[in-house]
Each structure stands twice: as structure tokens, then as C-alpha cells.
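A short worksheet on the structure shown next.
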Amino acid sequence: MALAVGIDLGTTFSCIAYLEGSKPQIIPNFEGSPTTPSVVTFASSGEILIGNPALRQAISNPEHTIYAIKRLIGRKYNSIEVSEAKQKMPYELTEAPNGDVMVRVNSKVISPQEISAMILSYLKECAESYFGKSITDVIITVPAHFDDAQRQATKDAAIVAGLNVLRVINEPTAASLAHKLINKRDASIAVYDIGGGTFDITLLETNEGVFNVLATNGNSYLGGEDFDNRILDWLVKEFKKEYKIDLSQDKFALQRIKEASEKAKRELSFALESEINLPFIHSEPSGSKHIKKLLTREKLEELTGDLVEETIPYVKQALHDSKLKPEDVEEIVLVGGQTRMPMIRKVITEFFKKEPIQDVNPDEIVAAGAAIQSGILVGGLKDIVLLDVCPLSLGIETEHDKFVKIIERNSTIPIKKTRSFTTVERNQTRVRIHVLQGERELASENKSLGMFELVGIEPAPAGFPQIDVTFEIDANGIAKASARDKHTGREQKIEVITASGLSKEEINRIIKDAQKYAAQDSQRINIHHIQDEIERLIFTLENYYYKDEESLPPENKKNIKKLLARKDTILQSEELDKLENARKEVIEYINLIKQSIHPSDTKEVIEENNND
């Protein structure tokens, strides 16, 4: 059996594992630790330090020590997340020509992918030293709500590191694989994953080796870093209150405070208080100033309680999408170092009315799950099937800005679906296929993924050609959209990615907006339908009128002429009541003409228009 490894490239710590028999094993780094700090330092000597040696340089060389790079990978420089990072990171960020965020180090510009590749290369070297042979094949994990740019950037980092990515899988899904090996029974599982930089909630069911992901939700910019920053901000504020000195622009002081904040947060997972002591944090002619503060667990919960509560709406949405209730969830798996915080465990216990599983290591379980997935792919494990989901609906734009879904969100992948469409104009020889992702009924309110044209359609009346549009999503989340004219056999296709290109907040907003504006969108689409119907009825009325104008009674002739004179005003109206009244008026005049000139056809016309 070929050897493949699983890597959890984390915001704060990274971990690498392999499958020995049917059990995942963690590969220690060169210092013998199971996890490696996701930190890189560019020393003045030109040496590049990775892991613990880099972490030890964070205070003395903050501007050239890069941490939390996962929060920047695949991001645009002008994004909200990068704007927030620029205020907190001691190192300099800059913009690439294509708009991506970059890191400036020693007058050199480096991408987050390159920095991530350095961490991955280090883990690769650790594995090669451990096994005494070359390692290339890897399963790499990403947060469940990483968008396409972030997923692709992570894959690029692995390629730069000399790794062959067999599969990218979601971190909560990987964690559930590892949990299943510990707890053999089938169950409905909630994986609550809050690491250094991201939060995910995934609901799945296991049944005789089949892992069926039911729903996923989360926020790709909410994690342990935010908890650290709350403590940092509190200390800076308290220092300013006491000494009237603002440390927020002092990068060296901020790095010391940042490190002390994280250390205190970790201590408070096991103790009720932690002393933060930072001597000589600031010097001036009047003397040196120090920080000496006692941070209690109660104070930490006051500073960060809203961050914990912020995760609950995502949990509720995932439950709603999965059609489960909190009491239906049999097991809760906590993933990520931040879940060691007692307040998080308390909130989750109160929400689900049951205790989370305590028999997993939240720092190692994701890498262990990735190792299990490697065993599935290379043939070591044959009794496990992993079924994941797409996070948002996929479809196309049709007439009047309507979004028609072809694959619904949280559909199990891989999946393939086809839906038939037709032309809207006579003798139309081409159609534009606009591929979209989102939940709104109006196409313009959803995310555009791509556009292509199907040409060479045989000229025919509107509504006659049959065009089959097919979406196919593979296990990696890569989607292919194709359109085929059934009559001519002509086909065109495009490859897009199911990820939305949006942040977690934006994805959540899309879903909420779809629910909020569902009635409004539906009404606007209904208005378009009525406008179309009135246009066809007026066309029929005009034919009757101009054909039999001389035979009409003067009063009818006058009223119909007035109605036809204001047809443009009628068709431009978007008031449902006015459109309904106009529709009835046009039908009334059509029937009036039929009764006056063609009485034998009256019943047929009334029925025809009622069917419309």
C-alpha cells in the first residue's frame, strides 16, 4: 500500500499524521512535539525559522515573524478580514497586482501561499525523517466554509511544498472520521470546530461505515485569535487609562502583550485566574512602565462571551438545514484548541442538553481524520464511505432575472442533475448560460460563478428548442456546468467551483436574505409573469381591433382605442393590483369583440384566456 499522510494546516498549530493499520498515528516534529506552531520567521541572517524556533523570535523580531497566515490565504487585500488583520498584525501587508493580499518581509513581497508552503515543507521533512523515505501524497484539511480562492490557495501551497494533494476535505468531516474509530457505534454527530482562526459546525450521520454530511455552516473569520485580541485590547485600554499612553502603535509592545494574552487564555482553561506580568513594556524619560494585571476566568468570559454566543446562530441554521433538533444529536465532538475554554463547553452543553465527547484531543483529531481519509483513498480502509455536501445552491439565470436552482444547497456530493430549458425569442440561435450560486429567487441577488454561450441552435419559434443544462459536482467540490441542444446535439460546457467566493458572514447573510426576501422576490417574479400575459393578450386584442374596427360599436371602439394607447404604461407598472385589473380589462374587451362580431367563438376565447 502506498504511503500517504494527512495534514491539518492550522491557524495557530499544524499537525501531521499517518495511518498505521487501521489507526491514525501523529508524526512528531523535530523537537518531538505532536503539533507545530504555524509560525515563520525571516531572520536578518537570511535564515528562515519554522515552528517553535520561529515562535521564540516573535517578541524580538515581530515585523519579520509571520503567524496566523491561514487567516490571509486566498484573501483579497481590500477585504474586511484583511483590513482587520492590518490593525493587529505586526508584519506589513501589501497588495498584489491581482488584488491578493501579500506580506512584505525585508523589502521582499511574499504570498501567504509561499509562507504556508514553508510550514508544509517542514511537516513533510518531519515525516520523511520519521519514515526514512520520501513522502509526497497528502490529504489536506480546510475549514468547511473556506471559499474557492482559499481552498485553491491551500492546494497551491501544498504543491509549492512538493506535495501531491489527493483530496481536500473539510476539517469537521475529518474530525468525525477520527471520532468514529474511537466510538464505533452509529450516531448522529455534531462537530463544533473552533480553532485559531475559523469556526465551523457540521452535522452528519454515520451508518455502517457511511459518513453522510447533512449540513454545514460557520464563519471563516472567527477563532482563537479573536479571543486573544480581546485580552490584548483590554490590556492596552487599561494601560492607557492608567498611564495615558497608547501602546496600540508599538509593534514590539503589542507582540509581547499578544503572547502574554494567549498564555493567560490557555491557563484560564484550567485555572480560575492568571497573572499577566510584562515589565518595561514602555520606557520614557520619566521612567519605565510595566503591565501587571490579574485576569480572572470571570473577566475573560465577560470580554469574550459575545464571541461564544456568536457561534450559536450558525449551529441553529445547520440544525434547521439538516432537519434535526438539538435533542436528535446523539454525540457532540469539540475540535480546535479554543474548545478547551470552559465557557464554550458550558454553552454547548446547555444548548444540546448533553455533554460533549471528552475522549478526543481537539488539537490532533483533524490530522488523524485526514490520515484516515488517506487510508480510504490509497486502499488501506475499504469499509468507509464519505459523503459531503455543497454549501450553497447552484443554478442558472432565466428570463426576468429569475434564479432557477438545479442543485440545492446541502445536497450530498458527488451529484449530477439535469434540467430542461427553452428559448424566449423566435429564431433564437444562441443562449447565454449564466451560472450562479446562492439562495435568492432573483438572479441579480446571487453570486456569479461564470458565463458561457451555447451557439448553433436551429432557428425555431420561441419555446420550441429543448436545452438541457447539467451540473455535476465531484467529491472535491469541483463543478462542471454544460448545456446541450437536444435537436442539434450541440454542446458547450464550463468548469466552475462550488465555493462561493464569500466570507462566512456573507454566506450566512445570503441564506438569511433568501428567507427574509422570499415573499418579495416571489411577488416580483409573479409581476413579470402577469406582464408577459397582458402583453400577449394586448397583442390578441390589437389583432381583433384592427381587423374588425369598422364593425365595432362606437363606444367599444373608443374605449379599446384608449386602452391600447396606454399599453406601455400598463406594461411598465409593477403594482400587482393594477396589473390584475388591466388583465381583466383586456380579457373583457377581447370577449366583447368576440360577442359583437364572432358570437360562436365567445366560449372558446373565455376558456383560452382563463387557461392563460
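Residue numbers start at 1 in each chain; chains themselves are named A, B, ... in the order of the C-alpha cells; ligands are numbered from 1 in the order shown.
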Practice task
Check the DSSP output for the backbone and give back, as an MDAnalysis selection string, the residues of range 298-357 of chain A in strand (DSSP E).
Solution key: chainID A and resid 331:335
Now that the selection is made, can you save its residues with all heavy atoms as a PDB file, in the first residue's frame?
```pdb
ATOM      1  N   GLU A 331     -24.204  12.681  19.654  1.00  0.00           N
ATOM      2  CA  GLU A 331     -22.829  12.906  20.102  1.00  0.00           C
ATOM      3  C   GLU A 331     -22.338  14.266  19.616  1.00  0.00           C
ATOM      4  O   GLU A 331     -22.602  14.665  18.483  1.00  0.00           O
ATOM      5  CB  GLU A 331     -21.913  11.791  19.575  1.00  0.00           C
ATOM      6  CG  GLU A 331     -22.266  10.413  20.125  1.00  0.00           C
ATOM      7  CD  GLU A 331     -21.436   9.311  19.503  1.00  0.00           C
ATOM      8  OE1 GLU A 331     -20.588   9.617  18.647  1.00  0.00           O
ATOM      9  OE2 GLU A 331     -21.631   8.142  19.884  1.00  0.00           O
ATOM     10  N   ILE A 332     -21.607  14.956  20.483  1.00  0.00           N
ATOM     11  CA  ILE A 332     -21.034  16.266  20.140  1.00  0.00           C
ATOM     12  C   ILE A 332     -19.520  16.157  20.253  1.00  0.00           C
ATOM     13  O   ILE A 332     -18.990  15.799  21.303  1.00  0.00           O
ATOM     14  CB  ILE A 332     -21.546  17.364  21.084  1.00  0.00           C
ATOM     15  CG1 ILE A 332     -23.080  17.408  21.064  1.00  0.00           C
ATOM     16  CG2 ILE A 332     -20.986  18.719  20.686  1.00  0.00           C
ATOM     17  CD1 ILE A 332     -23.679  17.738  22.387  1.00  0.00           C
ATOM     18  N   VAL A 333     -18.844  16.453  19.163  1.00  0.00           N
ATOM     19  CA  VAL A 333     -17.380  16.397  19.122  1.00  0.00           C
ATOM     20  C   VAL A 333     -16.852  17.821  19.050  1.00  0.00           C
ATOM     21  O   VAL A 333     -17.240  18.590  18.160  1.00  0.00           O
ATOM     22  CB  VAL A 333     -16.887  15.579  17.913  1.00  0.00           C
ATOM     23  CG1 VAL A 333     -15.358  15.555  17.883  1.00  0.00           C
ATOM     24  CG2 VAL A 333     -17.450  14.166  17.958  1.00  0.00           C
ATOM     25  N   LEU A 334     -15.989  18.180  19.986  1.00  0.00           N
ATOM     26  CA  LEU A 334     -15.374  19.507  20.000  1.00  0.00           C
ATOM     27  C   LEU A 334     -13.985  19.429  19.377  1.00  0.00           C
ATOM     28  O   LEU A 334     -13.179  18.572  19.725  1.00  0.00           O
ATOM     29  CB  LEU A 334     -15.274  20.040  21.432  1.00  0.00           C
ATOM     30  CG  LEU A 334     -16.600  20.210  22.185  1.00  0.00           C
ATOM     31  CD1 LEU A 334     -16.341  20.811  23.562  1.00  0.00           C
ATOM     32  CD2 LEU A 334     -17.570  21.075  21.407  1.00  0.00           C
ATOM     33  N   VAL A 335     -13.736  20.352  18.461  1.00  0.00           N
ATOM     34  CA  VAL A 335     -12.479  20.350  17.704  1.00  0.00           C
ATOM     35  C   VAL A 335     -11.843  21.731  17.803  1.00  0.00           C
ATOM     36  O   VAL A 335     -12.539  22.745  17.779  1.00  0.00           O
ATOM     37  CB  VAL A 335     -12.737  19.998  16.222  1.00  0.00           C
ATOM     38  CG1 VAL A 335     -11.435  20.020  15.429  1.00  0.00           C
ATOM     39  CG2 VAL A 335     -13.415  18.643  16.110  1.00  0.00           C
TER      40      VAL A 335
END
```
Excluding Ile66 in chain A and residues on its chain fewer than 6 positions from it, collect all residues at most 9 Å away from it, counting only C-alpha atoms, and give them as a compact mmCIF listing (two decimals) with N, CA and C atoms, in the first residue's frame.
```txt
# COMPACT_ATOMS: atom_id res chain seq x y z
N SER A 38 2.23 27.31 13.72
CA SER A 38 2.18 27.76 12.32
C SER A 38 2.79 29.16 12.22
N VAL A 39 4.09 29.20 12.47
CA VAL A 39 4.82 30.47 12.55
C VAL A 39 6.10 30.37 11.73
N VAL A 40 6.41 31.44 11.00
CA VAL A 40 7.63 31.51 10.19
C VAL A 40 8.34 32.83 10.48
N THR A 41 9.64 32.77 10.76
CA THR A 41 10.43 33.98 10.99
C THR A 41 11.52 34.09 9.93
N PHE A 42 11.65 35.30 9.37
CA PHE A 42 12.72 35.59 8.41
C PHE A 42 13.80 36.36 9.17
N ALA A 54 10.72 29.74 15.43
CA ALA A 54 10.14 30.99 14.93
C ALA A 54 9.29 31.66 16.01
N ALA A 58 9.24 35.74 18.04
CA ALA A 58 8.09 36.62 17.83
C ALA A 58 8.23 37.96 18.55
N MET A 89 -1.77 42.72 13.05
CA MET A 89 -0.53 42.02 12.73
C MET A 89 0.67 42.97 12.80
N PRO A 90 1.77 42.54 13.41
CA PRO A 90 2.95 43.40 13.47
C PRO A 90 3.71 43.45 12.15
N TYR A 91 3.48 42.47 11.28
CA TYR A 91 4.16 42.47 9.99
C TYR A 91 3.35 43.24 8.96
N VAL A 103 2.55 39.62 1.88
CA VAL A 103 3.31 40.01 3.08
C VAL A 103 4.65 40.58 2.63
N ILE A 115 4.33 31.24 2.30
CA ILE A 115 4.60 31.09 3.73
C ILE A 115 3.98 29.80 4.25
```
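CA of Asp532 in chain A lies 28.8 Å from CA of Ser551 in chain A.
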Exercise for the section: Pick out the residues sitting within 9 Å of range 142-144 of chain A, and hand them over as an MDAnalysis selection string; count only C-alpha atoms, and ignore anything fewer than 2 positions along from it in its own chain. Expected result: chainID A and resid 8:10 140 146:147 150:151 154 168:173 193 198:202 216:218 220 391
Exercise for the section: Do a neighbour search on Leu564 in chain A at 12 Å with only C-alpha atoms, toss out local chain neighbours closer than 5 positions, and write the hits as a ChimeraX atom specification. Expected result: /A:534-535,537-543,545-546,557-559,569-571,582,585-586,589
Export C-alpha atoms of the chosen residues as a short mmCIF file (atom, residue, chain, number, x, y, z; two decimals), in the first residue's frame?
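Saved the output as selection_16.cif:
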```cif
data_model
loop_
_atom_site.label_atom_id
_atom_site.label_comp_id
_atom_site.auth_asym_id
_atom_site.auth_seq_id
_atom_site.Cartn_x
_atom_site.Cartn_y
_atom_site.Cartn_z
CA ILE A 534 -51.00 41.05 -20.54
CA GLU A 535 -48.58 41.67 -23.41
CA LEU A 537 -53.49 39.48 -24.52
CA ILE A 538 -52.98 43.03 -25.84
CA PHE A 539 -51.41 41.57 -28.98
CA THR A 540 -54.58 39.44 -29.44
CA LEU A 541 -56.80 42.47 -28.76
CA GLU A 542 -54.92 44.58 -31.32
CA ASN A 543 -55.38 41.87 -33.97
CA TYR A 545 -59.45 45.50 -33.14
CA TYR A 546 -57.61 46.44 -36.32
CA LYS A 557 -64.23 51.25 -30.28
CA LYS A 558 -63.47 54.40 -28.25
CA ASN A 559 -62.71 52.51 -25.02
CA THR A 569 -47.94 52.46 -19.18
CA ILE A 570 -49.82 49.27 -18.27
CA LEU A 571 -46.85 47.02 -19.08
CA ALA A 582 -55.62 45.64 -16.53
CA GLU A 585 -59.98 44.69 -18.67
CA VAL A 586 -58.12 43.36 -21.72
CA TYR A 589 -62.61 43.72 -24.36
#
```
Completion exercise
For Ile119 in chain A, the closest of A:Val160, A:Leu300, A:Leu181, A:Ala153 counting only C-alpha atoms is A:Val160
Exercise for the section: Go through A:Ala481, A:Val378, A:Leu120, A:Met343 one by one, measure the shortest atom-to-atom distance of each to Phe270 in chain A using only C-alpha atoms, and give the residue with the smallest value. Expected result: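 Comparing A:Ala481, A:Val378, A:Leu120, A:Met343 against Phe270 in chain A, the winner is A:Met343.
Among A:His320, A:Lys578, A:Lys480, A:Lys402, the residue with the shortest atom-to-atom distance to Lys417 in chain A, counting only C-alpha atoms, is A:Lys480.
Nearest-residue note for Ala371 in chain A: choosing from A:Lys86, A:Ala43, A:Thr141, A:Glu81, the minimum distance belongs to A:Thr141, counting only C-alpha atoms.
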Exercise for the section: Show which residues sit within 10 Å of range 282-293 of chain A, as a ChimeraX atom specification. Count only C-alpha atoms, and ignore same-chain residues fewer than 6 positions away. Expected result: /A:235-236,238-239,243,245-247,250,252-253,257,274-276
Create the file for the chosen residues now, containing N, CA and C atoms and written as an mmCIF file, in the first residue's frame.
```
data_model
loop_
_atom_site.group_PDB
_atom_site.id
_atom_site.type_symbol
_atom_site.label_atom_id
_atom_site.label_comp_id
_atom_site.auth_asym_id
_atom_site.auth_seq_id
_atom_site.Cartn_x
_atom_site.Cartn_y
_atom_site.Cartn_z
ATOM 1 N N LEU A 235 -5.945 44.933 27.820
ATOM 2 C CA LEU A 235 -4.695 45.338 28.464
ATOM 3 C C LEU A 235 -4.215 46.696 27.950
ATOM 4 N N VAL A 236 -4.315 46.915 26.642
ATOM 5 C CA VAL A 236 -3.913 48.210 26.063
ATOM 6 C C VAL A 236 -4.793 49.330 26.608
ATOM 7 N N GLU A 238 -6.495 49.331 29.488
ATOM 8 C CA GLU A 238 -6.205 49.530 30.909
ATOM 9 C C GLU A 238 -4.902 50.303 31.108
ATOM 10 N N PHE A 239 -3.911 50.001 30.269
ATOM 11 C CA PHE A 239 -2.614 50.700 30.361
ATOM 12 C C PHE A 239 -2.800 52.182 30.025
ATOM 13 N N TYR A 243 -1.831 55.156 32.504
ATOM 14 C CA TYR A 243 -0.640 55.974 32.226
ATOM 15 C C TYR A 243 -0.840 57.018 31.137
ATOM 16 N N ILE A 245 -0.931 56.478 28.058
ATOM 17 C CA ILE A 245 -0.009 56.092 26.977
ATOM 18 C C ILE A 245 -0.698 55.040 26.109
ATOM 19 N N ASP A 246 -0.689 55.279 24.794
ATOM 20 C CA ASP A 246 -1.334 54.360 23.849
ATOM 21 C C ASP A 246 -0.286 53.415 23.259
ATOM 22 N N LEU A 247 -0.406 52.131 23.590
ATOM 23 C CA LEU A 247 0.561 51.144 23.094
ATOM 24 C C LEU A 247 0.143 50.531 21.743
ATOM 25 N N ASP A 250 2.755 50.524 19.019
ATOM 26 C CA ASP A 250 4.085 49.988 19.353
ATOM 27 C C ASP A 250 4.090 48.482 19.044
ATOM 28 N N PHE A 252 6.432 46.205 18.980
ATOM 29 C CA PHE A 252 7.168 45.324 19.899
ATOM 30 C C PHE A 252 6.358 45.092 21.175
ATOM 31 N N ALA A 253 5.748 46.169 21.685
ATOM 32 C CA ALA A 253 4.928 46.026 22.888
ATOM 33 C C ALA A 253 3.709 45.163 22.606
ATOM 34 N N ILE A 257 2.421 41.720 24.454
ATOM 35 C CA ILE A 257 1.079 41.627 25.047
ATOM 36 C C ILE A 257 0.302 40.485 24.403
ATOM 37 N N SER A 274 -5.162 34.188 36.231
ATOM 38 C CA SER A 274 -3.822 34.156 35.658
ATOM 39 C C SER A 274 -3.219 35.554 35.771
ATOM 40 N N GLU A 275 -1.981 35.625 36.250
ATOM 41 C CA GLU A 275 -1.322 36.923 36.387
ATOM 42 C C GLU A 275 -0.543 37.241 35.114
ATOM 43 N N ILE A 276 -0.797 38.399 34.575
ATOM 44 C CA ILE A 276 -0.072 38.877 33.383
ATOM 45 C C ILE A 276 0.946 39.907 33.859
#
```
Practice task
List the neighbours of Ser573 in chain A out to 10 Å using only C-alpha atoms; skip same-chain residues closer than 6 positions along the sequence, and give me the result as a count of residues only.
Solution key: 3
